[in-house]
file final.txt (compact mmCIF, C-alpha atoms)
# COMPACT_ATOMS: atom_id res chain seq x y z
CA MET A 1 105.59 108.88 91.50
CA THR A 2 108.15 106.18 90.61
CA TRP A 3 107.69 102.44 91.00
CA ILE A 4 110.12 102.41 93.95
CA GLN A 5 108.14 105.16 95.70
CA THR A 6 104.93 103.27 94.90
CA ILE A 7 106.23 100.05 96.48
CA ILE A 8 107.58 101.81 99.60
CA ILE A 9 104.32 103.69 100.20
CA ALA A 10 102.32 100.48 99.68
CA ILE A 11 104.55 98.65 102.17
CA VAL A 12 103.94 101.38 104.75
CA GLU A 13 100.19 101.21 104.09
CA GLY A 14 100.12 97.43 104.48
CA LEU A 15 102.21 97.50 107.65
CA THR A 16 100.31 100.26 109.46
CA GLU A 17 96.68 100.03 108.32
CA PHE A 18 95.64 97.36 110.82
CA LEU A 19 98.13 98.16 113.59
CA PRO A 20 97.13 100.73 116.24
CA VAL A 21 99.83 103.18 115.13
CA SER A 22 98.03 105.49 112.64
CA SER A 23 98.75 104.93 108.96
CA THR A 24 98.24 108.68 108.41
CA GLY A 25 101.19 109.58 110.62
CA HIS A 26 103.40 107.11 108.80
CA MET A 27 102.29 108.43 105.41
CA ILE A 28 103.35 111.95 106.44
CA ILE A 29 106.88 110.80 107.28
CA THR A 30 107.14 108.47 104.26
CA GLN A 31 105.95 111.09 101.80
CA ASN A 32 108.39 113.68 103.06
CA LEU A 33 111.34 111.29 103.28
CA LEU A 34 110.74 110.20 99.68
CA GLY A 35 110.14 113.75 98.48
CA VAL A 36 106.77 112.78 96.95
CA GLU A 37 104.68 115.78 95.94
CA SER A 38 101.15 115.80 97.37
CA THR A 39 99.28 115.75 94.04
CA GLU A 40 95.66 114.74 93.50
CA TYR A 41 96.81 111.39 92.18
CA VAL A 42 99.01 110.69 95.22
CA LYS A 43 96.10 111.49 97.53
CA ALA A 44 93.84 109.15 95.53
CA PHE A 45 96.53 106.45 95.42
CA THR A 46 96.68 106.16 99.23
CA PHE A 47 92.94 105.51 99.35
CA ILE A 48 92.77 103.14 96.39
CA ILE A 49 95.52 100.81 97.68
CA GLN A 50 93.44 100.27 100.82
CA PHE A 51 91.52 97.80 98.65
CA GLY A 52 94.53 95.48 98.71
CA ALA A 53 94.68 95.70 102.50
CA ILE A 54 90.94 94.94 102.70
CA LEU A 55 91.39 91.80 100.60
CA SER A 56 94.06 90.55 102.99
CA VAL A 57 91.50 90.46 105.83
CA VAL A 58 88.92 88.65 103.69
CA CYS A 59 91.57 86.16 102.53
CA LEU A 60 92.91 85.48 106.04
CA TYR A 61 89.45 85.10 107.63
CA TRP A 62 87.50 83.88 104.62
CA LYS A 63 85.78 81.09 106.59
CA ARG A 64 84.44 83.64 109.07
CA PHE A 65 83.35 85.99 106.31
CA PHE A 66 81.45 83.42 104.28
CA GLN A 67 79.96 81.20 106.96
CA LEU A 68 76.37 81.59 108.11
CA ASN A 69 75.22 80.94 111.67
CA GLN A 70 73.96 77.34 111.80
CA GLU A 71 73.04 77.21 115.50
CA PRO A 72 69.38 76.18 115.90
CA LEU A 73 66.79 78.54 117.37
CA PRO A 74 63.81 77.59 119.57
CA ALA A 75 60.67 76.48 117.77
CA GLY A 76 58.28 79.32 116.99
CA THR A 77 61.00 81.95 116.42
CA SER A 78 59.78 84.59 113.96
CA ALA A 79 61.04 84.58 110.38
CA PHE A 80 62.76 87.96 110.90
CA LYS A 81 64.66 86.73 113.96
CA GLN A 82 65.64 83.58 112.09
CA PHE A 83 66.98 85.69 109.23
CA ILE A 84 68.95 87.96 111.56
CA HIS A 85 70.28 84.93 113.45
CA LYS A 86 71.45 83.28 110.24
CA PHE A 87 73.28 86.41 109.09
CA ASP A 88 74.37 87.34 112.61
CA PHE A 89 77.98 88.13 111.61
CA TYR A 90 76.97 90.53 108.84
CA TRP A 91 74.17 92.04 110.93
CA LYS A 92 76.55 93.05 113.72
CA LEU A 93 79.10 94.36 111.21
CA LEU A 94 76.34 96.53 109.73
CA ILE A 95 75.34 97.85 113.16
CA ALA A 96 78.97 98.72 113.95
CA PHE A 97 79.42 100.30 110.52
CA ILE A 98 76.39 102.65 110.67
CA PRO A 99 77.85 105.33 113.04
CA ALA A 100 80.86 105.88 110.74
CA VAL A 101 78.60 106.19 107.69
CA VAL A 102 76.33 108.77 109.32
CA LEU A 103 79.06 110.90 110.88
CA GLY A 104 81.35 110.50 107.87
CA LEU A 105 78.72 111.88 105.48
CA LEU A 106 77.69 114.67 107.87
CA PHE A 107 81.20 115.88 108.64
CA SER A 108 83.13 114.90 105.49
CA ASP A 109 84.40 118.44 104.80
CA ALA A 110 85.41 119.03 108.42
CA ILE A 111 87.29 115.72 108.50
CA ASP A 112 89.15 116.56 105.27
CA ALA A 113 90.06 119.99 106.66
CA MET A 114 91.38 118.44 109.88
CA LEU A 115 93.39 115.96 107.86
CA GLU A 116 95.43 118.84 106.44
CA ARG A 117 96.59 119.83 109.95
CA VAL A 118 99.74 117.82 110.56
CA GLU A 119 100.06 119.11 114.13
CA VAL A 120 96.72 117.46 114.97
CA VAL A 121 97.97 114.13 113.63
CA ALA A 122 101.20 114.38 115.64
CA ALA A 123 99.43 115.41 118.85
CA MET A 124 96.91 112.55 118.59
CA LEU A 125 99.71 110.07 117.95
CA VAL A 126 101.37 111.09 121.20
CA ILE A 127 98.13 111.29 123.22
CA GLY A 128 96.96 107.93 121.86
CA GLY A 129 100.37 106.45 122.60
CA ILE A 130 100.23 107.57 126.23
CA PHE A 131 96.77 106.04 126.53
CA MET A 132 97.99 102.73 125.09
CA LEU A 133 100.70 102.51 127.74
CA PHE A 134 97.94 102.05 130.32
CA CYS A 135 95.31 100.42 128.10
CA ASP A 136 95.81 96.90 129.45
CA LYS A 137 95.46 98.14 133.04
CA ILE A 138 92.39 100.29 132.35
CA PHE A 139 90.43 97.44 130.82
CA ASN A 140 90.38 94.12 132.62
CA LYS A 141 91.04 91.09 130.48
CA GLY A 142 87.87 90.12 128.66
CA SER A 143 86.37 86.68 128.46
CA GLU A 144 85.88 84.36 125.52
CA ASP A 145 82.39 83.74 126.90
CA THR A 146 81.32 87.40 126.69
CA PRO A 147 78.35 87.51 124.27
CA PHE A 148 78.85 89.97 121.43
CA THR A 149 75.45 91.63 121.29
CA GLU A 150 74.03 94.29 118.94
CA LYS A 151 74.57 96.87 121.68
CA ARG A 152 78.25 95.96 122.01
CA ALA A 153 78.67 96.07 118.21
CA PHE A 154 77.11 99.55 118.11
CA MET A 155 79.41 100.77 120.90
CA VAL A 156 82.48 99.56 118.99
CA GLY A 157 81.11 101.45 115.98
CA LEU A 158 80.90 104.63 118.07
CA PHE A 159 84.50 104.18 119.19
CA GLN A 160 85.51 103.84 115.54
CA CYS A 161 84.16 107.35 114.90
CA ILE A 162 86.86 108.75 117.22
CA ALA A 163 89.34 107.73 114.52
CA MET A 164 87.87 110.41 112.26
CA ILE A 165 90.29 112.65 114.14
CA PRO A 166 93.52 112.12 112.12
CA GLY A 167 96.26 110.39 114.08
CA VAL A 168 93.95 108.47 116.42
CA SER A 169 94.12 105.26 114.35
CA ARG A 170 90.99 103.38 113.34
CA SER A 171 92.53 100.14 114.54
CA MET A 172 93.33 101.55 117.98
CA ALA A 173 89.87 103.09 118.43
CA THR A 174 87.99 99.91 117.52
CA ILE A 175 90.26 97.60 119.53
CA VAL A 176 89.88 99.82 122.60
CA GLY A 177 86.14 99.91 121.95
CA GLY A 178 86.03 96.12 121.87
CA MET A 179 88.04 95.80 125.08
CA ALA A 180 85.73 98.32 126.74
CA GLN A 181 82.91 95.90 125.85
CA LYS A 182 84.66 93.06 127.74
CA MET A 183 86.14 91.40 124.64
CA THR A 184 89.53 89.73 124.81
CA ARG A 185 92.46 91.46 123.12
CA LYS A 186 92.44 88.84 120.34
CA ASN A 187 88.69 89.05 119.72
CA ALA A 188 88.72 92.85 119.83
CA ALA A 189 91.58 92.96 117.31
CA GLU A 190 89.87 90.48 114.99
CA PHE A 191 86.58 92.37 115.04
CA SER A 192 88.57 95.53 114.29
CA PHE A 193 89.89 93.81 111.16
CA PHE A 194 86.39 92.66 110.16
CA LEU A 195 84.93 96.14 110.65
CA ALA A 196 87.74 97.60 108.54
CA VAL A 197 86.37 95.82 105.46
CA PRO A 198 83.06 97.73 105.06
CA THR A 199 84.53 100.92 106.56
CA MET A 200 87.61 101.12 104.35
CA PHE A 201 85.77 99.79 101.30
CA GLY A 202 83.07 102.45 101.76
CA ALA A 203 85.67 105.21 102.16
CA THR A 204 87.60 104.00 99.11
CA VAL A 205 84.49 103.83 96.91
CA TYR A 206 83.39 107.28 98.08
CA LYS A 207 86.79 108.82 97.32
CA MET A 208 86.91 107.07 93.94
CA TYR A 209 83.44 108.38 93.13
CA LYS A 210 84.48 111.95 93.98
CA LEU A 211 87.69 111.57 91.99
CA LEU A 212 85.96 110.26 88.86
CA LYS A 213 83.17 112.80 89.22
CA ASP A 214 85.75 115.58 89.21
CA GLY A 215 87.26 114.33 85.96
CA GLY A 216 89.95 112.02 87.29
CA THR A 217 89.22 109.06 84.97
CA GLU A 218 92.16 109.80 82.69
CA MET A 219 94.48 110.24 85.68
CA VAL A 220 93.51 106.81 87.03
CA MET A 221 93.89 105.10 83.64
CA ASN A 222 97.31 106.69 83.08
CA ASN A 223 98.55 105.33 86.41
CA LEU A 224 96.90 101.91 86.31
CA ASP A 225 100.24 100.10 86.58
CA THR A 226 101.20 101.78 89.86
CA LEU A 227 97.71 101.24 91.26
CA ILE A 228 97.92 97.50 90.55
CA ILE A 229 101.43 97.25 92.05
CA GLY A 230 100.36 99.26 95.10
CA ASN A 231 97.36 97.03 95.77
CA VAL A 232 99.33 93.80 95.38
CA VAL A 233 102.10 94.99 97.72
CA ALA A 234 99.61 96.33 100.28
CA PHE A 235 97.75 92.99 100.18
CA VAL A 236 100.84 90.85 100.85
CA VAL A 237 102.31 93.12 103.54
CA ALA A 238 98.96 93.57 105.35
CA LEU A 239 98.51 89.79 105.41
CA LEU A 240 101.84 89.38 107.22
CA ALA A 241 101.19 92.37 109.51
CA ILE A 242 97.84 90.99 110.70
CA LYS A 243 99.37 87.60 111.57
CA PHE A 244 102.20 89.29 113.45
CA PHE A 245 99.89 91.66 115.31
CA ILE A 246 97.49 88.98 116.62
CA SER A 247 100.36 86.88 117.93
CA PHE A 248 102.22 89.85 119.44
CA VAL A 249 99.26 91.49 121.18
CA GLN A 250 98.17 88.21 122.78
CA LYS A 251 101.60 87.79 124.36
CA TYR A 252 102.69 91.35 125.14
CA GLY A 253 99.68 93.68 125.02
CA PHE A 254 99.76 97.25 123.68
CA GLN A 255 102.59 99.01 125.54
CA ALA A 256 105.12 98.61 122.72
CA PHE A 257 102.69 100.22 120.28
CA GLY A 258 102.13 103.04 122.76
CA TRP A 259 105.83 103.87 122.92
CA TYR A 260 106.11 103.56 119.16
CA ARG A 261 103.27 106.06 118.63
CA ILE A 262 104.91 108.51 121.03
CA ILE A 263 108.20 108.26 119.11
CA ILE A 264 106.56 108.75 115.68
CA GLY A 265 104.42 111.64 116.94
CA GLY A 266 107.48 113.17 118.59
CA ILE A 267 109.47 112.96 115.33
CA ILE A 268 106.72 114.80 113.45
CA LEU A 269 106.50 117.50 116.15
CA ILE A 270 110.28 117.98 116.14
CA LEU A 271 110.26 118.34 112.34
CA LEU A 272 107.45 120.90 112.58
CA PHE A 273 109.15 122.90 115.33
CA THR A 274 112.43 122.95 113.38
CA GLY A 275 110.76 124.60 110.40
CA HIS A 276 110.07 121.64 108.12
CA GLU A 277 106.89 121.96 106.07
CA LEU A 278 105.16 118.60 106.26
CA THR A 279 102.16 117.68 104.15
CA ILE A 280 99.71 114.80 104.21
CA MET A 281 99.04 112.65 101.17
call {"tool": "encode", "arguments": {"input": "final.txt", "output": "structure tokens"}}
result
Amino acid sequence: MTWIQTIIIAIVEGLTEFLPVSSTGHMIITQNLLGVESTEYVKAFTFIIQFGAILSVVCLYWKRFFQLNQEPLPAGTSAFKQFIHKFDFYWKLLIAFIPAVVLGLLFSDAIDAMLERVEVVAAMLVIGGIFMLFCDKIFNKGSEDTPFTEKRAFMVGLFQCIAMIPGVSRSMATIVGGMAQKMTRKNAAEFSFFLAVPTMFGATVYKMYKLLKDGGTEMVMNNLDTLIIGNVVAFVVALLAIKFFISFVQKYGFQAFGWYRIIIGGIILILLFTGHELTIM
């Protein structure tokens, strides 16, 4: 994989990872347009550069990530409740993260097998796109005053598991999950970004562990330059994409992303039906 291919793939990753458009679908098209062979390194590369995208969220929302809850509790509150209250942000992230961990470990092989089926990705892009056309009408506008409880965090975590079906989009699933829990579009999108940090970091570490366990240390070291470039590019582009997305979705909602998903999914289906052999990184 050349440096130009590395930069283009990293740009696509940064642009699509946090938007509800499925980064997997975009990787299929990008890989095939660039003529990049689906080697073990290329597959690992697309997971490893997620780290750069993760850092963009932490950088953009660093005050939220590293600020403890300072609101006072009533006198006599137990030490455990005081601890949970202080680390309320992390506690709810953990609750939302648990379903993906459990199901991801239980069905890892099935998920990987499904990921190889490009027609599934394309179909879910189109189906998800149709759903997003009506998303704003299905869910009434949430309120800033809606309390984000442990139950609501867990429900968003369950919605995130739907994204284990390739082409659904983790971002779309969690944002829809948040809106279903009466969150505003902005708050649902931001929590989707926050939840991406442990989810994507966990997936990246797990894939790296499997890669190194299977003797991929030399492969990683030989391609360290492209990995560094990929992470830096993904970080910068994801930072810009997140800012754009929050502003856009507050003003215009999700319809544009719905139509975009339908177009991308349709392109993949047309390529498949016309005899092109598409592969996923």
call {"tool": "closest_residue", "arguments": {"input": "final.txt", "among": "A:Cys135, A:Val121, A:Leu60, A:Ile49", "to": "Ser169 in chain A", "atoms": "all atoms listed in the file"}}
result
A:Val121
call {"tool": "closest_residue", "arguments": {"input": "final.txt", "among": "A:Glu13, A:Glu37, A:Glu71, A:Glu144", "to": "Gly52 in chain A", "atoms": "all atoms listed in the file"}}
result
A:Glu13
call {"tool": "atom_distance", "arguments": {"input": "final.txt", "atom1": "CA of Arg261 in chain A", "atom2": "CA of Ala234 in chain A"}}
result
21.1 Å
call {"tool": "residues_around", "arguments": {"input": "final.txt", "residues": "range 78-88 of chain A", "least_positions_apart": "3", "cutoff": "7 Å", "atoms": "only C-alpha atoms", "output": "PyMOL selection string"}}
result
chain A and resi 68-70+91-92
call {"tool": "atom_distance", "arguments": {"input": "final.txt", "atom1": "CA of Phe89 in chain A", "atom2": "CA of Gly104 in chain A"}}
result
22.9 Å
call {"tool": "atom_distance", "arguments": {"input": "final.txt", "atom1": "CA of Tyr252 in chain A", "atom2": "CA of Arg185 in chain A"}}
result
10.4 Å
call {"tool": "residues_around", "arguments": {"input": "final.txt", "residues": "Met155 in chain A", "least_positions_apart": "6", "cutoff": "12 Å", "atoms": "only C-alpha atoms", "output": "ChimeraX atom specification"}}
result
/A:92-93,95-100,148-149,161-162,173-182
call {"tool": "closest_residue", "arguments": {"input": "final.txt", "among": "A:Phe257, A:Phe139, A:Phe154, A:Phe159", "to": "Thr184 in chain A", "atoms": "all atoms listed in the file"}}
result
A:Phe139
call {"tool": "closest_residue", "arguments": {"input": "final.txt", "among": "A:Phe191, A:Phe51, A:Trp3, A:Phe66", "to": "Glu17 in chain A", "atoms": "all atoms listed in the file"}}
result
A:Phe51
call {"tool": "residues_around", "arguments": {"input": "final.txt", "residues": "Phe131 in chain A", "least_positions_apart": "6", "cutoff": "12 Å", "atoms": "only C-alpha atoms", "output": "ChimeraX atom specification"}}
result
/A:20,124-125,137-139,168,172-173,176,254-259,261-262
call {"tool": "closest_residue", "arguments": {"input": "final.txt", "among": "A:Glu218, A:Glu277, A:Glu190, A:Asp112", "to": "Leu33 in chain A", "atoms": "all atoms listed in the file"}}
result
A:Glu277
